[in-house]
Each structure stands twice: as structure tokens, then as C-alpha cells.
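Peer 1: What follows is the file query_29.cif, containing mmCIF, C-alpha atoms:
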```
data_final
#
loop_
_atom_site.group_PDB
_atom_site.id
_atom_site.type_symbol
_atom_site.label_atom_id
_atom_site.label_comp_id
_atom_site.auth_asym_id
_atom_site.auth_seq_id
_atom_site.Cartn_x
_atom_site.Cartn_y
_atom_site.Cartn_z
ATOM 1 C CA MET A 276 33.000 -38.608 -104.841
ATOM 2 C CA ASN A 277 31.221 -35.853 -102.972
ATOM 3 C CA ILE A 278 28.341 -37.283 -100.898
ATOM 4 C CA LEU A 279 26.636 -33.895 -100.981
ATOM 5 C CA HIS A 280 26.597 -33.955 -104.789
ATOM 6 C CA MET A 281 25.045 -37.423 -104.580
ATOM 7 C CA ARG A 282 22.239 -35.960 -102.465
ATOM 8 C CA TYR A 283 21.786 -33.184 -105.023
ATOM 9 C CA ALA A 284 21.343 -35.701 -107.839
ATOM 10 C CA VAL A 285 18.753 -37.691 -105.882
ATOM 11 C CA GLU A 286 16.811 -34.516 -105.143
ATOM 12 C CA VAL A 287 16.933 -33.383 -108.798
ATOM 13 C CA ALA A 288 15.536 -36.767 -109.835
ATOM 14 C CA ARG A 289 12.773 -36.514 -107.247
ATOM 15 C CA ALA A 290 11.856 -32.916 -108.108
ATOM 16 C CA GLY A 291 12.172 -33.436 -111.855
ATOM 17 C CA SER A 292 13.849 -30.102 -112.462
ATOM 18 C CA ILE A 293 16.798 -28.002 -111.419
ATOM 19 C CA SER A 294 14.599 -25.084 -110.425
ATOM 20 C CA ARG A 295 12.333 -27.053 -108.064
ATOM 21 C CA ALA A 296 15.292 -28.946 -106.569
ATOM 22 C CA SER A 297 17.183 -25.696 -105.966
ATOM 23 C CA GLU A 298 14.237 -24.378 -103.933
ATOM 24 C CA THR A 299 14.134 -27.513 -101.792
ATOM 25 C CA LEU A 300 17.917 -27.444 -101.301
ATOM 26 C CA TYR A 301 17.975 -23.669 -100.600
ATOM 27 C CA MET A 302 20.638 -23.005 -103.248
ATOM 28 C CA ASN A 303 20.665 -21.108 -106.514
ATOM 29 C CA GLN A 304 20.161 -22.872 -109.848
ATOM 30 C CA PRO A 305 23.598 -22.183 -111.387
ATOM 31 C CA ASN A 306 25.396 -23.719 -108.416
ATOM 32 C CA LEU A 307 23.158 -26.780 -108.464
ATOM 33 C CA SER A 308 23.643 -27.217 -112.212
ATOM 34 C CA ARG A 309 27.391 -26.928 -111.746
ATOM 35 C CA ALA A 310 27.336 -29.555 -108.973
ATOM 36 C CA ILE A 311 25.454 -32.012 -111.208
ATOM 37 C CA ARG A 312 27.912 -31.422 -114.055
ATOM 38 C CA ASP A 313 30.843 -31.974 -111.651
ATOM 39 C CA LEU A 314 29.295 -35.254 -110.481
ATOM 40 C CA GLU A 315 28.777 -36.395 -114.085
ATOM 41 C CA GLY A 316 32.372 -35.479 -114.850
ATOM 42 C CA THR A 317 33.620 -37.486 -111.867
ATOM 43 C CA LEU A 318 31.552 -40.528 -112.851
ATOM 44 C CA GLY A 319 32.180 -40.234 -116.597
ATOM 45 C CA ILE A 320 28.482 -40.697 -117.411
ATOM 46 C CA THR A 321 25.448 -38.569 -118.168
ATOM 47 C CA LEU A 322 22.957 -38.702 -115.330
ATOM 48 C CA PHE A 323 20.104 -36.670 -116.786
ATOM 49 C CA GLU A 324 18.658 -35.734 -120.130
ATOM 50 C CA ARG A 325 17.746 -32.052 -120.273
ATOM 51 C CA THR A 326 14.284 -32.041 -121.862
ATOM 52 C CA ALA A 327 11.358 -29.670 -122.110
ATOM 53 C CA ARG A 328 9.709 -31.721 -119.370
ATOM 54 C CA GLY A 329 12.700 -31.168 -117.096
ATOM 55 C CA MET A 330 15.509 -33.434 -115.924
ATOM 56 C CA VAL A 331 14.928 -37.072 -116.863
ATOM 57 C CA PRO A 332 17.400 -39.736 -115.664
ATOM 58 C CA THR A 333 19.275 -41.655 -118.355
ATOM 59 C CA SER A 334 19.508 -45.434 -118.145
ATOM 60 C CA GLU A 335 22.974 -45.046 -116.591
ATOM 61 C CA GLY A 336 21.556 -42.366 -114.330
ATOM 62 C CA GLU A 337 18.802 -44.697 -113.096
ATOM 63 C CA VAL A 338 21.401 -47.297 -112.069
ATOM 64 C CA PHE A 339 23.457 -44.655 -110.273
ATOM 65 C CA LEU A 340 20.419 -43.120 -108.532
ATOM 66 C CA GLU A 341 19.243 -46.517 -107.268
ATOM 67 C CA ARG A 342 22.620 -47.177 -105.677
ATOM 68 C CA ALA A 343 22.883 -43.589 -104.416
ATOM 69 C CA ARG A 344 19.523 -43.826 -102.627
ATOM 70 C CA ARG A 345 20.611 -47.072 -100.963
ATOM 71 C CA ILE A 346 23.957 -45.576 -99.858
ATOM 72 C CA LEU A 347 22.394 -42.368 -98.580
ATOM 73 C CA GLY A 348 19.761 -44.371 -96.723
ATOM 74 C CA GLU A 349 22.474 -46.341 -94.942
ATOM 75 C CA ILE A 350 24.351 -43.133 -94.094
ATOM 76 C CA ASP A 351 21.162 -41.617 -92.656
ATOM 77 C CA GLU A 352 20.531 -44.753 -90.597
ATOM 78 C CA MET A 353 24.084 -44.673 -89.245
ATOM 79 C CA GLU A 354 23.815 -40.991 -88.328
ATOM 80 C CA ALA A 355 20.472 -41.601 -86.608
ATOM 81 C CA PHE A 356 21.908 -44.564 -84.695
ATOM 82 C CA TYR A 357 24.872 -42.634 -83.318
ATOM 83 C CA ARG A 358 22.800 -39.547 -82.685
ATOM 84 C CA GLU A 359 20.415 -41.643 -80.580
ATOM 85 C CA GLU A 360 23.318 -43.409 -78.827
ATOM 86 C CA THR A 361 24.890 -40.062 -77.968
ATOM 87 C CA GLN A 362 21.646 -38.921 -76.413
ATOM 88 C CA VAL A 363 21.111 -41.942 -74.163
ATOM 89 C CA LYS A 364 24.662 -43.122 -73.408
ATOM 90 C CA GLN A 365 25.618 -42.427 -69.804
ATOM 91 C CA ARG A 366 29.053 -40.831 -69.712
ATOM 92 C CA PHE A 367 31.377 -40.219 -66.789
ATOM 93 C CA SER A 368 35.064 -39.387 -66.500
ATOM 94 C CA ALA A 369 37.049 -38.428 -63.428
ATOM 95 C CA CYS A 370 40.659 -38.203 -62.262
ATOM 96 C CA VAL A 371 40.844 -38.746 -58.515
ATOM 97 C CA PRO A 372 43.336 -39.585 -55.772
ATOM 98 C CA PRO A 373 43.806 -43.240 -54.784
ATOM 99 C CA SER A 374 41.317 -42.883 -51.944
ATOM 100 C CA CYS A 375 38.892 -45.438 -50.527
ATOM 101 C CA TYR A 376 36.065 -43.031 -49.754
ATOM 102 C CA VAL A 377 36.206 -41.621 -53.308
ATOM 103 C CA ALA A 378 36.290 -45.151 -54.777
ATOM 104 C CA GLU A 379 33.274 -46.151 -52.691
ATOM 105 C CA ALA A 380 31.335 -43.131 -53.963
ATOM 106 C CA PHE A 381 32.166 -44.224 -57.513
ATOM 107 C CA LEU A 382 31.049 -47.807 -56.808
ATOM 108 C CA ASN A 383 27.748 -46.527 -55.435
ATOM 109 C CA THR A 384 27.322 -44.487 -58.616
ATOM 110 C CA LEU A 385 28.137 -47.554 -60.706
ATOM 111 C CA ASN A 386 25.510 -49.594 -58.853
ATOM 112 C CA ALA A 387 22.895 -46.984 -59.811
ATOM 113 C CA LEU A 388 23.486 -47.378 -63.569
ATOM 114 C CA THR A 389 20.404 -47.866 -65.697
ATOM 115 C CA ALA A 390 20.188 -50.385 -68.526
ATOM 116 C CA ASP A 391 21.119 -47.695 -71.082
ATOM 117 C CA PRO A 392 24.580 -47.806 -72.716
ATOM 118 C CA ALA A 393 27.294 -46.303 -70.519
ATOM 119 C CA GLU A 394 30.939 -45.336 -70.773
ATOM 120 C CA LEU A 395 32.800 -44.605 -67.529
ATOM 121 C CA ASP A 396 36.421 -43.504 -67.181
ATOM 122 C CA TYR A 397 37.674 -43.603 -63.572
ATOM 123 C CA ARG A 398 41.373 -42.835 -63.083
ATOM 124 C CA GLU A 399 43.334 -42.806 -59.848
ATOM 125 C CA THR A 400 46.247 -40.424 -60.264
ATOM 126 C CA GLY A 401 48.320 -37.736 -58.604
ATOM 127 C CA ALA A 402 47.042 -34.201 -58.080
ATOM 128 C CA ALA A 403 49.107 -32.420 -60.741
ATOM 129 C CA ALA A 404 48.327 -35.052 -63.388
ATOM 130 C CA ALA A 405 44.612 -34.852 -62.536
ATOM 131 C CA ILE A 406 44.570 -31.072 -62.919
ATOM 132 C CA ARG A 407 46.320 -31.299 -66.284
ATOM 133 C CA ALA A 408 43.885 -33.957 -67.518
ATOM 134 C CA VAL A 409 40.823 -31.879 -66.621
ATOM 135 C CA ALA A 410 42.278 -28.615 -67.932
ATOM 136 C CA GLU A 411 43.144 -30.299 -71.249
ATOM 137 C CA GLY A 412 39.740 -31.991 -71.565
ATOM 138 C CA GLU A 413 40.869 -35.605 -71.036
ATOM 139 C CA CYS A 414 38.630 -35.892 -67.972
ATOM 140 C CA ARG A 415 35.566 -33.903 -67.007
ATOM 141 C CA ILE A 416 35.933 -33.699 -63.232
ATOM 142 C CA GLY A 417 38.836 -34.179 -60.859
ATOM 143 C CA ILE A 418 39.831 -34.373 -57.211
ATOM 144 C CA ALA A 419 43.303 -33.355 -56.059
ATOM 145 C CA ARG A 420 44.861 -34.416 -52.770
ATOM 146 C CA CYS A 421 47.790 -32.396 -51.512
ATOM 147 C CA THR A 422 49.414 -31.341 -48.282
ATOM 148 C CA GLY A 423 48.665 -27.875 -46.987
ATOM 149 C CA ASN A 424 52.094 -26.451 -47.732
ATOM 150 C CA TYR A 425 51.828 -27.427 -51.407
ATOM 151 C CA PHE A 426 48.224 -26.304 -51.871
ATOM 152 C CA PRO A 427 49.011 -22.755 -53.119
ATOM 153 C CA ARG A 428 50.984 -24.298 -55.994
ATOM 154 C CA PHE A 429 48.102 -26.606 -56.935
ATOM 155 C CA ARG A 430 45.573 -23.791 -56.589
ATOM 156 C CA GLN A 431 47.644 -21.691 -58.994
ATOM 157 C CA GLN A 432 47.734 -24.620 -61.444
ATOM 158 C CA MET A 433 43.922 -24.982 -61.258
ATOM 159 C CA GLU A 434 43.271 -21.303 -61.799
ATOM 160 C CA ALA A 435 45.756 -21.137 -64.680
ATOM 161 C CA GLY A 436 43.807 -23.993 -66.289
ATOM 162 C CA GLY A 437 40.517 -22.093 -65.981
ATOM 163 C CA LEU A 438 39.115 -24.513 -63.403
ATOM 164 C CA PHE A 439 36.495 -23.983 -60.735
ATOM 165 C CA HIS A 440 37.544 -25.599 -57.458
ATOM 166 C CA GLU A 441 36.232 -26.103 -53.945
ATOM 167 C CA ARG A 442 37.373 -27.977 -50.862
ATOM 168 C CA ILE A 443 35.829 -31.366 -50.142
ATOM 169 C CA VAL A 444 37.576 -32.164 -46.867
ATOM 170 C CA GLU A 445 40.689 -31.371 -44.841
ATOM 171 C CA PHE A 446 42.253 -33.926 -42.510
ATOM 172 C CA THR A 447 45.317 -35.245 -40.767
ATOM 173 C CA PRO A 448 45.962 -38.871 -41.773
ATOM 174 C CA VAL A 449 45.124 -41.943 -39.757
ATOM 175 C CA LEU A 450 47.398 -44.918 -39.229
ATOM 176 C CA ALA A 451 46.171 -48.131 -40.928
ATOM 177 C CA TYR A 452 47.621 -51.626 -40.447
ATOM 178 C CA SER A 453 46.758 -55.313 -40.364
ATOM 179 C CA LYS A 454 44.780 -56.758 -37.458
ATOM 180 C CA ASP A 455 47.828 -58.981 -36.938
ATOM 181 C CA SER A 456 50.178 -56.011 -36.699
ATOM 182 C CA PRO A 457 51.985 -55.270 -33.416
ATOM 183 C CA LEU A 458 50.334 -51.847 -33.700
ATOM 184 C CA ALA A 459 46.962 -53.473 -33.004
ATOM 185 C CA SER A 460 47.934 -54.000 -29.364
ATOM 186 C CA ALA A 461 50.097 -50.905 -28.919
ATOM 187 C CA ASP A 462 48.638 -48.320 -26.559
ATOM 188 C CA PRO A 463 49.589 -45.699 -27.426
ATOM 189 C CA VAL A 464 51.467 -45.950 -30.732
ATOM 190 C CA THR A 465 54.782 -44.096 -30.587
ATOM 191 C CA GLU A 466 56.978 -42.688 -33.340
ATOM 192 C CA ASP A 467 59.841 -44.916 -32.170
ATOM 193 C CA GLU A 468 57.671 -48.000 -32.629
ATOM 194 C CA LEU A 469 56.972 -47.072 -36.244
ATOM 195 C CA LYS A 470 60.707 -46.937 -36.961
ATOM 196 C CA THR A 471 60.876 -50.719 -36.504
ATOM 197 C CA LEU A 472 58.116 -51.342 -39.086
ATOM 198 C CA ILE A 473 57.660 -50.854 -42.850
ATOM 199 C CA GLU A 474 55.935 -47.731 -44.116
ATOM 200 C CA VAL A 475 53.904 -48.163 -47.318
ATOM 201 C CA ALA A 476 53.606 -44.744 -48.982
ATOM 202 C CA PRO A 477 52.098 -43.291 -52.191
ATOM 203 C CA GLY A 478 55.299 -41.781 -53.566
ATOM 204 C CA ASP A 479 53.686 -39.038 -55.672
ATOM 205 C CA PHE A 480 56.352 -36.408 -56.352
ATOM 206 C CA ASP A 481 54.544 -34.400 -59.051
ATOM 207 C CA VAL A 482 54.171 -30.884 -57.608
ATOM 208 C CA PRO A 483 53.911 -27.777 -59.847
ATOM 209 C CA SER A 484 57.136 -25.759 -60.168
ATOM 210 C CA MET A 485 59.137 -28.250 -58.089
ATOM 211 C CA ALA A 486 61.638 -30.891 -59.152
ATOM 212 C CA PRO A 487 60.572 -34.444 -58.187
ATOM 213 C CA GLU A 488 63.767 -34.998 -56.181
ATOM 214 C CA GLU A 489 63.102 -31.832 -54.159
ATOM 215 C CA VAL A 490 59.585 -33.035 -53.337
ATOM 216 C CA ARG A 491 60.903 -36.479 -52.446
ATOM 217 C CA ARG A 492 63.464 -35.056 -50.011
ATOM 218 C CA GLU A 493 60.801 -32.932 -48.317
ATOM 219 C CA GLN A 494 58.257 -35.729 -48.001
ATOM 220 C CA TYR A 495 60.621 -38.600 -47.235
ATOM 221 C CA PRO A 496 63.931 -37.431 -45.767
ATOM 222 C CA ASP A 497 66.691 -40.001 -45.439
ATOM 223 C CA GLY A 498 66.834 -41.938 -42.195
ATOM 224 C CA ASP A 499 67.035 -45.358 -40.565
ATOM 225 C CA PHE A 500 63.729 -46.869 -41.649
ATOM 226 C CA ARG A 501 62.156 -49.211 -44.173
ATOM 227 C CA ARG A 502 59.741 -47.876 -46.769
ATOM 228 C CA VAL A 503 57.807 -49.108 -49.816
ATOM 229 C CA LEU A 504 56.728 -46.454 -52.352
ATOM 230 C CA THR A 505 53.841 -47.329 -54.681
ATOM 231 C CA PRO A 506 51.184 -45.074 -56.240
ATOM 232 C CA SER A 507 48.721 -47.980 -56.433
ATOM 233 C CA ARG A 508 46.016 -47.934 -53.762
ATOM 234 C CA ALA A 509 45.290 -51.635 -54.370
ATOM 235 C CA ALA A 510 48.950 -52.539 -53.952
ATOM 236 C CA ARG A 511 49.199 -50.672 -50.655
ATOM 237 C CA LEU A 512 46.115 -52.392 -49.289
ATOM 238 C CA GLU A 513 47.368 -55.816 -50.391
ATOM 239 C CA ILE A 514 50.731 -55.212 -48.713
ATOM 240 C CA LEU A 515 49.008 -54.229 -45.468
ATOM 241 C CA SER A 516 46.807 -57.319 -45.565
ATOM 242 C CA VAL A 517 49.678 -59.815 -45.984
ATOM 243 C CA GLN A 518 52.558 -58.044 -44.236
ATOM 244 C CA PRO A 519 51.770 -57.449 -40.542
ATOM 245 C CA GLN A 520 54.961 -55.421 -40.139
ATOM 246 C CA SER A 521 53.667 -52.737 -42.520
ATOM 247 C CA TYR A 522 51.567 -49.618 -41.999
ATOM 248 C CA VAL A 523 50.306 -46.673 -44.042
ATOM 249 C CA TRP A 524 49.364 -43.073 -43.385
ATOM 250 C CA THR A 525 46.074 -42.521 -45.151
ATOM 251 C CA ALA A 526 42.758 -40.736 -45.288
ATOM 252 C CA PRO A 527 40.232 -42.621 -43.142
ATOM 253 C CA LEU A 528 39.309 -45.938 -44.745
ATOM 254 C CA THR A 529 35.737 -47.030 -45.288
ATOM 255 C CA PRO A 530 34.228 -49.880 -43.217
ATOM 256 C CA ARG A 531 34.025 -51.961 -46.413
ATOM 257 C CA THR A 532 37.766 -51.576 -47.042
ATOM 258 C CA LEU A 533 38.715 -52.343 -43.438
ATOM 259 C CA SER A 534 36.616 -55.512 -43.484
ATOM 260 C CA ARG A 535 37.741 -56.694 -46.910
ATOM 261 C CA TYR A 536 41.470 -56.433 -46.168
ATOM 262 C CA GLY A 537 41.387 -57.284 -42.453
ATOM 263 C CA LEU A 538 42.680 -53.865 -41.368
ATOM 264 C CA GLU A 539 42.382 -51.513 -38.445
ATOM 265 C CA GLN A 540 42.948 -47.775 -38.262
ATOM 266 C CA ARG A 541 43.445 -45.203 -35.548
ATOM 267 C CA THR A 542 44.278 -41.557 -35.081
ATOM 268 C CA VAL A 543 47.582 -40.731 -33.403
ATOM 269 C CA ALA A 544 48.595 -37.575 -31.575
ATOM 270 C CA PHE A 545 51.841 -37.035 -33.495
ATOM 271 C CA ALA A 546 50.193 -36.974 -36.968
ATOM 272 C CA ARG A 547 50.480 -33.288 -37.856
ATOM 273 C CA THR A 548 50.569 -33.097 -41.664
ATOM 274 C CA VAL A 549 47.337 -31.599 -42.987
ATOM 275 C CA TYR A 550 45.909 -32.872 -46.293
ATOM 276 C CA ARG A 551 43.237 -31.306 -48.446
ATOM 277 C CA ASP A 552 40.984 -32.933 -51.056
ATOM 278 C CA GLU A 553 39.887 -30.365 -53.636
ATOM 279 C CA LEU A 554 37.164 -30.881 -56.250
ATOM 280 C CA PHE A 555 37.640 -29.125 -59.596
ATOM 281 C CA TYR A 556 36.253 -28.955 -63.134
ATOM 282 C CA ARG A 557 36.103 -26.544 -66.047
ATOM 283 C CA ARG A 558 34.014 -23.471 -65.332
ATOM 284 C CA ASP A 559 31.837 -24.014 -68.413
ATOM 285 C CA LEU A 560 31.085 -27.654 -67.541
ATOM 286 C CA LYS A 561 27.442 -28.734 -67.385
ATOM 287 C CA LEU A 562 27.339 -31.708 -65.063
ATOM 288 C CA THR A 563 25.597 -34.835 -66.350
ATOM 289 C CA ASP A 564 23.091 -36.706 -64.190
ATOM 290 C CA MET A 565 25.729 -39.354 -63.494
ATOM 291 C CA GLU A 566 28.273 -36.746 -62.419
ATOM 292 C CA LYS A 567 25.712 -35.155 -60.130
ATOM 293 C CA ARG A 568 24.973 -38.580 -58.686
ATOM 294 C CA PHE A 569 28.687 -39.195 -58.075
ATOM 295 C CA LEU A 570 29.101 -35.869 -56.271
ATOM 296 C CA THR A 571 26.061 -36.626 -54.100
ATOM 297 C CA GLU A 572 27.467 -40.070 -53.244
ATOM 298 C CA LEU A 573 30.850 -38.462 -52.573
ATOM 299 C CA CYS A 574 29.326 -36.091 -50.028
ATOM 300 C CA ASP A 575 27.374 -38.909 -48.357
ATOM 301 C CA VAL A 576 30.339 -41.290 -48.060
ATOM 302 C CA ARG A 577 32.658 -38.488 -46.949
ATOM 303 C CA ARG A 578 30.193 -37.448 -44.238
ATOM 304 C CA GLU A 579 29.907 -41.014 -42.924
ATOM 305 C CA VAL A 580 33.635 -41.796 -42.988
ATOM 306 C CA PHE A 581 34.906 -38.509 -41.581
ATOM 307 C CA ARG A 582 32.233 -38.300 -38.901
ATOM 308 C CA ALA A 583 33.633 -41.515 -37.392
ATOM 309 C CA TYR A 584 37.182 -40.193 -37.861
ATOM 310 C CA ARG A 585 36.449 -36.977 -35.979
ATOM 311 C CA LYS A 586 34.877 -38.862 -33.091
ATOM 312 C CA GLU A 587 38.205 -40.606 -32.579
ATOM 313 C CA GLN A 588 40.184 -37.389 -32.457
#
```
The structure given in the file should be rewritten as C-alpha cells.

Peer 2:
Amino acid sequence: MNILHMRYAVEVARAGSISRASETLYMNQPNLSRAIRDLEGTLGITLFERTARGMVPTSEGEVFLERARRILGEIDEMEAFYREETQVKQRFSACVPPSCYVAEAFLNTLNALTADPAELDYRETGAAAAIRAVAEGECRIGIARCTGNYFPRFRQQMEAGGLFHERIVEFTPVLAYSKDSPLASADPVTEDELKTLIEVAPGDFDVPSMAPEEVRREQYPDGDFRRVLTPSRAARLEILSVQPQSYVWTAPLTPRTLSRYGLEQRTVAFARTVYRDELFYRRDLKLTDMEKRFLTELCDVRREVFRAYRKEQ
């Protein structure tokens, strides 16, 4: 049954004639008459008697119209409910690197939520996957982390996806480890000393136009060392907190993260790889208030964390 035809019948009954109903519905009389006949044919009943006084509902028509008004009323209520929910629901979606300063900016945004309904989608993922998700509309905003030598490939991927992008920060990584680590008392830390410990690394090998094995060989060449590869930020932090022989190369950690997991961090002279965090989103995107809040928090947390990092350099 066509819901629109149901609305037509209710309006004909209210107006009392095809001509007056057609004016209200902004349609011509023949089409409206045809729609009523189609509805009667579908139902197998006669809805109206055509009289000199106009269209008068039959007894069967009265029963149908009573139920139709109730159904249409419920449909209107449902539409109004979801229309109102769409207007007030706070929405947020982002694909970001597994980074503590980005996560802290998100938590600060979360703490500022109002009592209105909200739906937040926060994904920690690799750079190439994040760019694909934003370009394809799965997420609204993204942050990509990549080393300097790979950045032209990621920039090409962003521009091919029609994305606006800008740099958030550029850095060489710090060394993070447990307070119980032998690195805590080492002064200075040497590359040879790290060879006796366990590196905990992200293991993201998704780079545009490169085979994963090629990326893996470039990032982690074979050698006499021990290494754990895991894309999970939480897993890396847990390993550091319980395994004093482990360490990780990372963007500067926030004070909250260092305290929570019992970690320390320091800059080292032989860290030479340059990383870049790049913000991106579709060029036609209109940022929501929550997204604007997140980007403000991101700038604030980044400024605090990297100011301390640069003082150590």
C-alpha cells in the first residue's frame, strides 16, 4: 500500500471534494482521482461515494480512514522524533594514530559533552587506513602519522581523495621505558645498550604504492635484537609497564600517561627519524561544534606536551 495514497484519501475526506483536496495537495484533479481509484483497487473496497455534495466516505471508508489517520499520526510522530534527535545529537568521528596526546585531546572533548544525546566514533589506526576512511566517508576527520621519507606518498593519497590537509607537528621520537628499566639510570643511553633490550614497535606497514614486506624491511631490518610488533597503543604501554627490559620509540607521552603506567621518557642524540602528524578532512566538510572543540583541545595538548619535549632537546 502506498502511504502517499493514504494521505491523499485522508485529505479528500477532510476537504470533502476532489477539487478542494487537489488544491491543498498541489496536484491536478485527474491524478488525485486516479490515486484514490488505485487505493480502492488495492484495498478491494469503495472508500467514497461520489455525490452532488462531494466525496462522502462509505461505512468501509470510515473504518479505513480512522485507521489511516492513526497510522499517519504515528509516522509523523516518528519522523518528528528522529528529526529532532538529528538536530540535537552530538556527533563525532575520527581516525587517528595511536598517540597519547591525541587520545588526551579526545578525552578532554569527551569530558565537555553536554547532556544531549551523542554518538562518538574514535578509531586508532594506521595512516593509509585513516586516509581511506575519511576519503570514503567512514570518518569525518583524520590524523596521519608517517615518517618524512614516506610523506610524499601519503600526501598524494590525501590529494587524490580530495582531502584538505595541514601539518600538526613534526618531531623526532623520544625513548620511553619503565621507571624500573636499566635505561632509567643510564647516562647517556647508547645504541649498543638498546640492543640488549626489547623494542616494542607499532608495526604499521601500510604505505601507499609499497608492498608491506618492502616497508617492513626498510623500517625494521634484520639484526641481532628482540622486538615486539603490535599496533595497539594500550598493549605497548602495558608491556612497558610490566616488562622493565622493554622500550618504545614514540611521540612524547603526556604527563597523565607517564604517571598512569609508571614510565619515563627522554630524548636521545641518535634518534634521527623525523615523523609528521598531518590533519586532514574532506574539503567540503563543515566542522561540528564537537569537532571544533576536539581540534582546539588537540592544539592545547600538543602545545603543552611538545613544549616540554623541545626543552629537553

Peer 1: So which residues touch A:Ile278 within 12 Å, counting all atoms listed in the file, skipping near sequence neighbours fewer than 3 positions away, as number ranges by chain?

Peer 2: A: 281-285, 310-311, 314, 343-344, 346-348, 350-351

Peer 1: Return as a list of chain:residue names the set of residues that the PyMOL selection byres ((chain A and resi 457) around 12) yields on the displayed structure.

Peer 2: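 Checking the PyMOL selection byres ((chain A and resi 457) around 12) against this file, the residues are A:Ala451, A:Tyr452, A:Ser453, A:Lys454, A:Asp455, A:Ser456, A:Leu458, A:Ala459, A:Ser460, A:Ala461, A:Asp462, A:Pro463, A:Val464, A:Thr465, A:Glu468, A:Leu469, A:Thr471, A:Leu472, A:Ile473, A:Gln518, A:Pro519, A:Gln520, A:Ser521, A:Tyr522, A:Glu539.
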
Peer 1: With all atoms listed in the file as the counted atoms, please give the residues lying no more than 7 Å from stretch 373-387 of chain A, apart from itself and same-chain residues fewer than 2 positions off, as JSON, numbers by chain.

Peer 2: {"A": [371, 389, 399, 400, 508, 528, 529, 568, 569, 572, 573, 576, 577]}

Peer 1: Which residue out of A:Ser507, A:Ser308, A:Ser294, A:Ser368 has the minimum interatomic distance to A:Ala476 when all atoms listed in the file are used?

Peer 2: A:Ser507

Peer 1: So what does the PyMOL selection byres ((chain A and resi 547) around 12) actually pick up in this one, as a VMD selection string?

Peer 2: chain A and resid 422 to 423 446 to 449 524 542 to 546 548 to 550

Peer 1: May I have the selected residues written with C-alpha atoms, as a PDB file, in the coordinates of the input?

Peer 2:
```
ATOM      1  CA  THR A 422      49.414 -31.341 -48.282  1.00  0.00           C
ATOM      2  CA  GLY A 423      48.665 -27.875 -46.987  1.00  0.00           C
ATOM      3  CA  PHE A 446      42.253 -33.926 -42.510  1.00  0.00           C
ATOM      4  CA  THR A 447      45.317 -35.245 -40.767  1.00  0.00           C
ATOM      5  CA  PRO A 448      45.962 -38.871 -41.773  1.00  0.00           C
ATOM      6  CA  VAL A 449      45.124 -41.943 -39.757  1.00  0.00           C
ATOM      7  CA  TRP A 524      49.364 -43.073 -43.385  1.00  0.00           C
ATOM      8  CA  THR A 542      44.278 -41.557 -35.081  1.00  0.00           C
ATOM      9  CA  VAL A 543      47.582 -40.731 -33.403  1.00  0.00           C
ATOM     10  CA  ALA A 544      48.595 -37.575 -31.575  1.00  0.00           C
ATOM     11  CA  PHE A 545      51.841 -37.035 -33.495  1.00  0.00           C
ATOM     12  CA  ALA A 546      50.193 -36.974 -36.968  1.00  0.00           C
ATOM     13  CA  THR A 548      50.569 -33.097 -41.664  1.00  0.00           C
ATOM     14  CA  VAL A 549      47.337 -31.599 -42.987  1.00  0.00           C
ATOM     15  CA  TYR A 550      45.909 -32.872 -46.293  1.00  0.00           C
TER      16      TYR A 550
END
```

Peer 1: Report the residues retrieved by the PyMOL selection byres ((chain A and resi 537) around 7) from the displayed file, expressed as a ChimeraX atom specification.

Peer 2: /A:453-454,516,533-536,538

Peer 1: Please compute the atom CA of A:Lys561-atom CA of A:Tyr425 distance, one decimal, in Å.

Peer 2: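 Atom-to-atom, atom CA of A:Lys561 and atom CA of A:Tyr425 are spaced 29.2 Å apart.
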
Peer 1: Calculated over only C-alpha atoms, which of the candidates A:His280, A:Arg325, A:Pro392, A:Ser484 has the smallest distance to A:Arg309?

Peer 2: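 Closest candidate: A:His280.
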